[in-house]
Amino acid sequence: MTLAQARTLASLVRQDFPILHQEIHGKPLVYLDNAATSQKPKAVLDAVRSYYEYDNANVHRGVHTLSSRATEAYEGARDKVAAFVNANYREEIIYTRNASEAINLVAYSWGMTTLQAGDEIILTVMEHHSNLIPWQFVAQKTGAVLKFVELTDTQEFDLEQYKSLLSDKTKLVSVVHVSNTLGCINPAKEITALAHGVGAKVLIDACQSLPHMPVDVQDMDCDWLVGSGHKMCATTGIGFLYGKRDLLRAMPPFLGGGEMIADVFLDHSTYADLPHKFEAGTPAIGEAIALGAAVDYLTNIGIDKIHAYEQELTLYLFEQLNQLPEVTIYGPQPNEDASNRAALASFTTGAVHPHDLSTILDQAGIAIRAGHHCTQPLHRYIKAQSTARASLYFYNTKEEVDVFIKALKEAIEFFGSIFG
C-alpha cells in the first residue's frame, strides 16, 4: 500500500468510529488526544454489545452453551493478543485491568520476592508514573536501589549513559518503549540485549507503541511486556502482561481467589497453571472480548500500514509546528522518515499556560491534552511545569492537523494581544 492509498484508508476508516462524527461547541470534533485513549470502532462496540446481548455468562467451568460461547470468545481473544505480539505460547498472555496492574503484578510477584538489598533497578527519567511508583514500592521494601537513564541533548534515551549504569548489581531494567511525552522511540531490542549481558531481566512498557507500530516480543527478547487495551481501540478496563513462560511459572501468584487455584483446603491451596494462576476472580470478560476485536481490527488494516501513515502525519505536524516561533517542542525532531519518534508532539507556547490553551482549543472543537501526562519527574527534568500535547492516530487526517494549527495560531495571537 502506498502512502497515498494509506491516506485514502484513513478517510475510509473514520466511518468506523461513530464518536468522530459530532460537533463540539458547534465545530466538528478534531480528536488529538490519542496518547491518553483511543476511540473505538463499531467492530469493537458491536463485539461488546453482542457478548452482553447473546453470550453473557461466566467463563471456564460452566458447561452450558452460553458459558461455552463466552469462554471461546474470551480465550480466543488471548490467542489474538499472543499472535499480535508474536508470543511463543498463548499462556504467556495474562489479562490484567490495565498496564499499571500488569507492571504491579511483576513488581509484587517477582520484584518483592526476588530482589534484595543492594540490587539495582534501572529506569529512565521519562517513565510514566505507572512504571516508576511500583518500583519505588519494591525499593522501599527490599532495599533495592533505583538508577535512572537520563536524556541526550536531543531529549532521547542516553544509550551511552545506560551502558555505564549496567553492572553485575543490575537485576532489572524497566523502560518505556515510546515516551508518551517526548515521543522518542527507545531502542528496546538493544536495551534488552545489553541488560541480558549482565544477567538482568527486562520489562518493556509498550502502551504507546503497540497501537502504532509492529511489536515482536520474540525479536525484542524482553522478559515482560505490558500493553493497555484502551489505547489500541479496545475498551477501558483491560490490559495485558506478556511474560516468558518459564519465568511466569516460577513467579508466585499476585492475587488470591477463585479461578487461580487447582485445589483448595482449609489450611493451604495449590495453584492453577498459566495463565490462570495470575487471573484471580471473575475476569473482565466483555473487555477481553473487546480487546480481541480491537486486535482483529488493527490486524485487518495492517499495523505496518498504520505506522507508515502515522510517520507521514508526524512529518506534516512537525513541519507546521516548526513554523510557529512561539512554540517549543519537547523530544527529538523527526528524522527524514520520522522513524525515530511517535505521532505526538508535546509543546509549550511561551506565556500561554497549556491548560488555557487546551480550553481555547476545545472551543474550536479540538481535543488535546494539557498537564504533566503522568510524567512529573520528566517535566522537572526538562524544566517545564506542564506541556500541551497533540497526539495522532490512523483516523486523523492532514486536514485535521491544519484545523489544529490554525486554531493554535489564533490562540497564540489572542493571548499575545492580552499579554503583549
# chains A, B, ... in the order shown; residues from 1 in each chain; ligands from 1
$ residues_around --residues "stretch 296-304 of chain A" --least-positions-apart "5" --cutoff "8 Å" --atoms "only C-alpha atoms" --output "VMD selection string"
chain A and resid 43 80 84 211 to 214
$ write_last_selection --atoms "C-alpha atoms" --output "mmCIF file, in the first residue's frame"
data_model
loop_
_atom_site.group_PDB
_atom_site.id
_atom_site.type_symbol
_atom_site.label_atom_id
_atom_site.label_comp_id
_atom_site.auth_asym_id
_atom_site.auth_seq_id
_atom_site.Cartn_x
_atom_site.Cartn_y
_atom_site.Cartn_z
ATOM 1 C CA ALA A 43 -16.459 -3.572 15.334
ATOM 2 C CA LYS A 80 -5.265 -12.956 19.126
ATOM 3 C CA PHE A 84 -0.320 -9.731 17.752
ATOM 4 C CA PRO A 211 -1.256 0.715 18.883
ATOM 5 C CA HIS A 212 1.050 2.329 16.359
ATOM 6 C CA MET A 213 3.840 0.022 15.186
ATOM 7 C CA PRO A 214 4.764 -3.656 14.945
#
$ residues_around --residues "A:Tyr393" --least-positions-apart "3" --cutoff "12 Å" --atoms "only C-alpha atoms" --output "ChimeraX atom specification"
/A:10,13-14,30-40,208-209,211-213,231-233,298,303,305-314,342-344,390,396-398,400-401
$ closest_residue --among "A:Glu259, A:Leu317, A:Pro354, A:Cys222" --to "A:Leu392" --atoms "only C-alpha atoms"
A:Leu317
$ select_by_dssp --residues "stretch 90-332 of chain A" --states "helix (DSSP H, G or I)" --output "PyMOL selection string"
chain A and resi 90-92+99-114+129-131+133-142+159-165+188-197+217-220+229-232+245-250+276-278+285-301+303-321
$ atom_distance --atom1 "atom CA of A:Glu53" --atom2 "atom CA of A:Ile93"
26.9 Å
$ residues_around --residues "A:Lys169" --least-positions-apart "2" --cutoff "10 Å" --atoms "only C-alpha atoms" --output "tab-separated table (two decimals) with C-alpha atoms, in the first residue's frame"
chain	number	residue	atom	x	y	z
A	118	GLY	CA	21.83	-3.56	47.07
A	119	ASP	CA	20.31	-4.97	43.90
A	120	GLU	CA	19.85	-2.31	41.25
A	121	ILE	CA	16.80	-1.43	39.13
A	144	ALA	CA	16.99	-2.36	46.11
A	145	VAL	CA	18.44	0.78	44.53
A	165	LEU	CA	24.90	2.10	34.67
A	166	LEU	CA	24.84	-1.61	33.89
A	167	SER	CA	26.77	-3.91	36.24
A	171	LYS	CA	18.79	-7.15	38.29
A	172	LEU	CA	16.04	-5.37	36.36
A	198	VAL	CA	24.84	-8.64	32.77
A	199	GLY	CA	22.16	-11.16	33.76
A	200	ALA	CA	19.33	-8.67	34.31
$ decode --residues "stretch 257-292 of chain A" --atoms "N, CA and C atoms" --output "PDB file, in the first residue's frame"
ATOM      1  N   GLY A 257      -7.783 -15.971  45.086  1.00  0.00           N
ATOM      2  CA  GLY A 257      -9.234 -16.039  44.958  1.00  0.00           C
ATOM      3  C   GLY A 257      -9.648 -17.150  44.030  1.00  0.00           C
ATOM      4  N   GLY A 258     -10.876 -17.047  43.528  1.00  0.00           N
ATOM      5  CA  GLY A 258     -11.339 -18.034  42.578  1.00  0.00           C
ATOM      6  C   GLY A 258     -10.559 -17.961  41.281  1.00  0.00           C
ATOM      7  N   GLU A 259     -10.639 -19.031  40.528  1.00  0.00           N
ATOM      8  CA  GLU A 259     -10.083 -19.129  39.176  1.00  0.00           C
ATOM      9  C   GLU A 259      -8.590 -19.420  39.140  1.00  0.00           C
ATOM     10  N   MET A 260      -7.823 -18.879  40.113  1.00  0.00           N
ATOM     11  CA  MET A 260      -6.373 -19.052  40.055  1.00  0.00           C
ATOM     12  C   MET A 260      -5.896 -20.281  40.835  1.00  0.00           C
ATOM     13  N   ILE A 261      -6.831 -21.135  41.212  1.00  0.00           N
ATOM     14  CA  ILE A 261      -6.485 -22.279  42.065  1.00  0.00           C
ATOM     15  C   ILE A 261      -6.628 -23.608  41.310  1.00  0.00           C
ATOM     16  N   ALA A 262      -5.914 -24.615  41.843  1.00  0.00           N
ATOM     17  CA  ALA A 262      -6.140 -26.002  41.407  1.00  0.00           C
ATOM     18  C   ALA A 262      -6.987 -26.703  42.460  1.00  0.00           C
ATOM     19  N   ASP A 263      -6.472 -26.782  43.696  1.00  0.00           N
ATOM     20  CA  ASP A 263      -7.213 -27.377  44.810  1.00  0.00           C
ATOM     21  C   ASP A 263      -7.104 -26.482  46.029  1.00  0.00           C
ATOM     22  N   VAL A 264      -8.213 -26.360  46.759  1.00  0.00           N
ATOM     23  CA  VAL A 264      -8.246 -25.515  47.949  1.00  0.00           C
ATOM     24  C   VAL A 264      -8.617 -26.352  49.159  1.00  0.00           C
ATOM     25  N   PHE A 265      -7.813 -26.242  50.218  1.00  0.00           N
ATOM     26  CA  PHE A 265      -8.088 -26.862  51.507  1.00  0.00           C
ATOM     27  C   PHE A 265      -8.189 -25.756  52.548  1.00  0.00           C
ATOM     28  N   LEU A 266      -8.618 -26.085  53.726  1.00  0.00           N
ATOM     29  CA  LEU A 266      -8.776 -25.050  54.738  1.00  0.00           C
ATOM     30  C   LEU A 266      -7.459 -24.396  55.118  1.00  0.00           C
ATOM     31  N   ASP A 267      -6.371 -25.146  55.059  1.00  0.00           N
ATOM     32  CA  ASP A 267      -5.095 -24.596  55.520  1.00  0.00           C
ATOM     33  C   ASP A 267      -4.087 -24.335  54.404  1.00  0.00           C
ATOM     34  N   HIS A 268      -4.393 -24.697  53.165  1.00  0.00           N
ATOM     35  CA  HIS A 268      -3.469 -24.406  52.068  1.00  0.00           C
ATOM     36  C   HIS A 268      -4.186 -24.606  50.736  1.00  0.00           C
ATOM     37  N   SER A 269      -3.550 -24.146  49.694  1.00  0.00           N
ATOM     38  CA  SER A 269      -4.098 -24.291  48.347  1.00  0.00           C
ATOM     39  C   SER A 269      -2.978 -24.574  47.359  1.00  0.00           C
ATOM     40  N   THR A 270      -3.360 -25.168  46.238  1.00  0.00           N
ATOM     41  CA  THR A 270      -2.432 -25.292  45.115  1.00  0.00           C
ATOM     42  C   THR A 270      -2.987 -24.456  43.977  1.00  0.00           C
ATOM     43  N   TYR A 271      -2.110 -24.061  43.072  1.00  0.00           N
ATOM     44  CA  TYR A 271      -2.478 -23.043  42.102  1.00  0.00           C
ATOM     45  C   TYR A 271      -2.581 -23.594  40.691  1.00  0.00           C
ATOM     46  N   ALA A 272      -3.414 -22.950  39.915  1.00  0.00           N
ATOM     47  CA  ALA A 272      -3.599 -23.331  38.519  1.00  0.00           C
ATOM     48  C   ALA A 272      -2.340 -23.009  37.714  1.00  0.00           C
ATOM     49  N   ASP A 273      -2.236 -23.634  36.559  1.00  0.00           N
ATOM     50  CA  ASP A 273      -1.131 -23.335  35.658  1.00  0.00           C
ATOM     51  C   ASP A 273      -1.408 -22.007  34.957  1.00  0.00           C
ATOM     52  N   LEU A 274      -0.453 -21.567  34.191  1.00  0.00           N
ATOM     53  CA  LEU A 274      -0.627 -20.360  33.384  1.00  0.00           C
ATOM     54  C   LEU A 274      -1.729 -20.561  32.360  1.00  0.00           C
ATOM     55  N   PRO A 275      -2.425 -19.488  32.016  1.00  0.00           N
ATOM     56  CA  PRO A 275      -2.297 -18.114  32.517  1.00  0.00           C
ATOM     57  C   PRO A 275      -3.131 -17.831  33.753  1.00  0.00           C
ATOM     58  N   HIS A 276      -3.955 -18.840  34.159  1.00  0.00           N
ATOM     59  CA  HIS A 276      -4.996 -18.570  35.158  1.00  0.00           C
ATOM     60  C   HIS A 276      -4.429 -18.331  36.551  1.00  0.00           C
ATOM     61  N   LYS A 277      -3.192 -18.749  36.802  1.00  0.00           N
ATOM     62  CA  LYS A 277      -2.577 -18.513  38.105  1.00  0.00           C
ATOM     63  C   LYS A 277      -2.576 -17.032  38.486  1.00  0.00           C
ATOM     64  N   PHE A 278      -2.533 -16.171  37.479  1.00  0.00           N
ATOM     65  CA  PHE A 278      -2.463 -14.736  37.732  1.00  0.00           C
ATOM     66  C   PHE A 278      -3.780 -14.010  37.463  1.00  0.00           C
ATOM     67  N   GLU A 279      -4.865 -14.748  37.264  1.00  0.00           N
ATOM     68  CA  GLU A 279      -6.139 -14.119  36.915  1.00  0.00           C
ATOM     69  C   GLU A 279      -7.220 -14.497  37.932  1.00  0.00           C
ATOM     70  N   ALA A 280      -7.049 -13.981  39.145  1.00  0.00           N
ATOM     71  CA  ALA A 280      -7.972 -14.315  40.226  1.00  0.00           C
ATOM     72  C   ALA A 280      -9.315 -13.625  40.032  1.00  0.00           C
ATOM     73  N   GLY A 281     -10.391 -14.359  40.370  1.00  0.00           N
ATOM     74  CA  GLY A 281     -11.724 -13.768  40.362  1.00  0.00           C
ATOM     75  C   GLY A 281     -12.364 -13.764  38.987  1.00  0.00           C
ATOM     76  N   THR A 282     -13.616 -13.304  38.973  1.00  0.00           N
ATOM     77  CA  THR A 282     -14.326 -13.193  37.698  1.00  0.00           C
ATOM     78  C   THR A 282     -13.608 -12.179  36.816  1.00  0.00           C
ATOM     79  N   PRO A 283     -13.204 -12.558  35.628  1.00  0.00           N
ATOM     80  CA  PRO A 283     -12.426 -11.655  34.788  1.00  0.00           C
ATOM     81  C   PRO A 283     -13.296 -10.616  34.084  1.00  0.00           C
ATOM     82  N   ALA A 284     -12.632  -9.685  33.438  1.00  0.00           N
ATOM     83  CA  ALA A 284     -13.307  -8.672  32.617  1.00  0.00           C
ATOM     84  C   ALA A 284     -13.595  -9.294  31.256  1.00  0.00           C
ATOM     85  N   ILE A 285     -14.669 -10.078  31.194  1.00  0.00           N
ATOM     86  CA  ILE A 285     -14.928 -10.898  30.013  1.00  0.00           C
ATOM     87  C   ILE A 285     -15.246 -10.039  28.794  1.00  0.00           C
ATOM     88  N   GLY A 286     -16.206  -9.149  28.945  1.00  0.00           N
ATOM     89  CA  GLY A 286     -16.577  -8.289  27.832  1.00  0.00           C
ATOM     90  C   GLY A 286     -15.413  -7.451  27.350  1.00  0.00           C
ATOM     91  N   GLU A 287     -14.599  -6.965  28.288  1.00  0.00           N
ATOM     92  CA  GLU A 287     -13.457  -6.129  27.931  1.00  0.00           C
ATOM     93  C   GLU A 287     -12.394  -6.939  27.186  1.00  0.00           C
ATOM     94  N   ALA A 288     -12.176  -8.185  27.617  1.00  0.00           N
ATOM     95  CA  ALA A 288     -11.214  -9.034  26.913  1.00  0.00           C
ATOM     96  C   ALA A 288     -11.690  -9.327  25.496  1.00  0.00           C
ATOM     97  N   ILE A 289     -12.976  -9.576  25.346  1.00  0.00           N
ATOM     98  CA  ILE A 289     -13.543  -9.795  24.009  1.00  0.00           C
ATOM     99  C   ILE A 289     -13.372  -8.544  23.153  1.00  0.00           C
ATOM    100  N   ALA A 290     -13.549  -7.364  23.772  1.00  0.00           N
ATOM    101  CA  ALA A 290     -13.324  -6.110  23.049  1.00  0.00           C
ATOM    102  C   ALA A 290     -11.873  -5.991  22.609  1.00  0.00           C
ATOM    103  N   LEU A 291     -10.942  -6.409  23.464  1.00  0.00           N
ATOM    104  CA  LEU A 291      -9.530  -6.367  23.106  1.00  0.00           C
ATOM    105  C   LEU A 291      -9.248  -7.278  21.906  1.00  0.00           C
ATOM    106  N   GLY A 292      -9.861  -8.460  21.910  1.00  0.00           N
ATOM    107  CA  GLY A 292      -9.695  -9.344  20.764  1.00  0.00           C
ATOM    108  C   GLY A 292     -10.237  -8.738  19.487  1.00  0.00           C
TER     109      GLY A 292
END
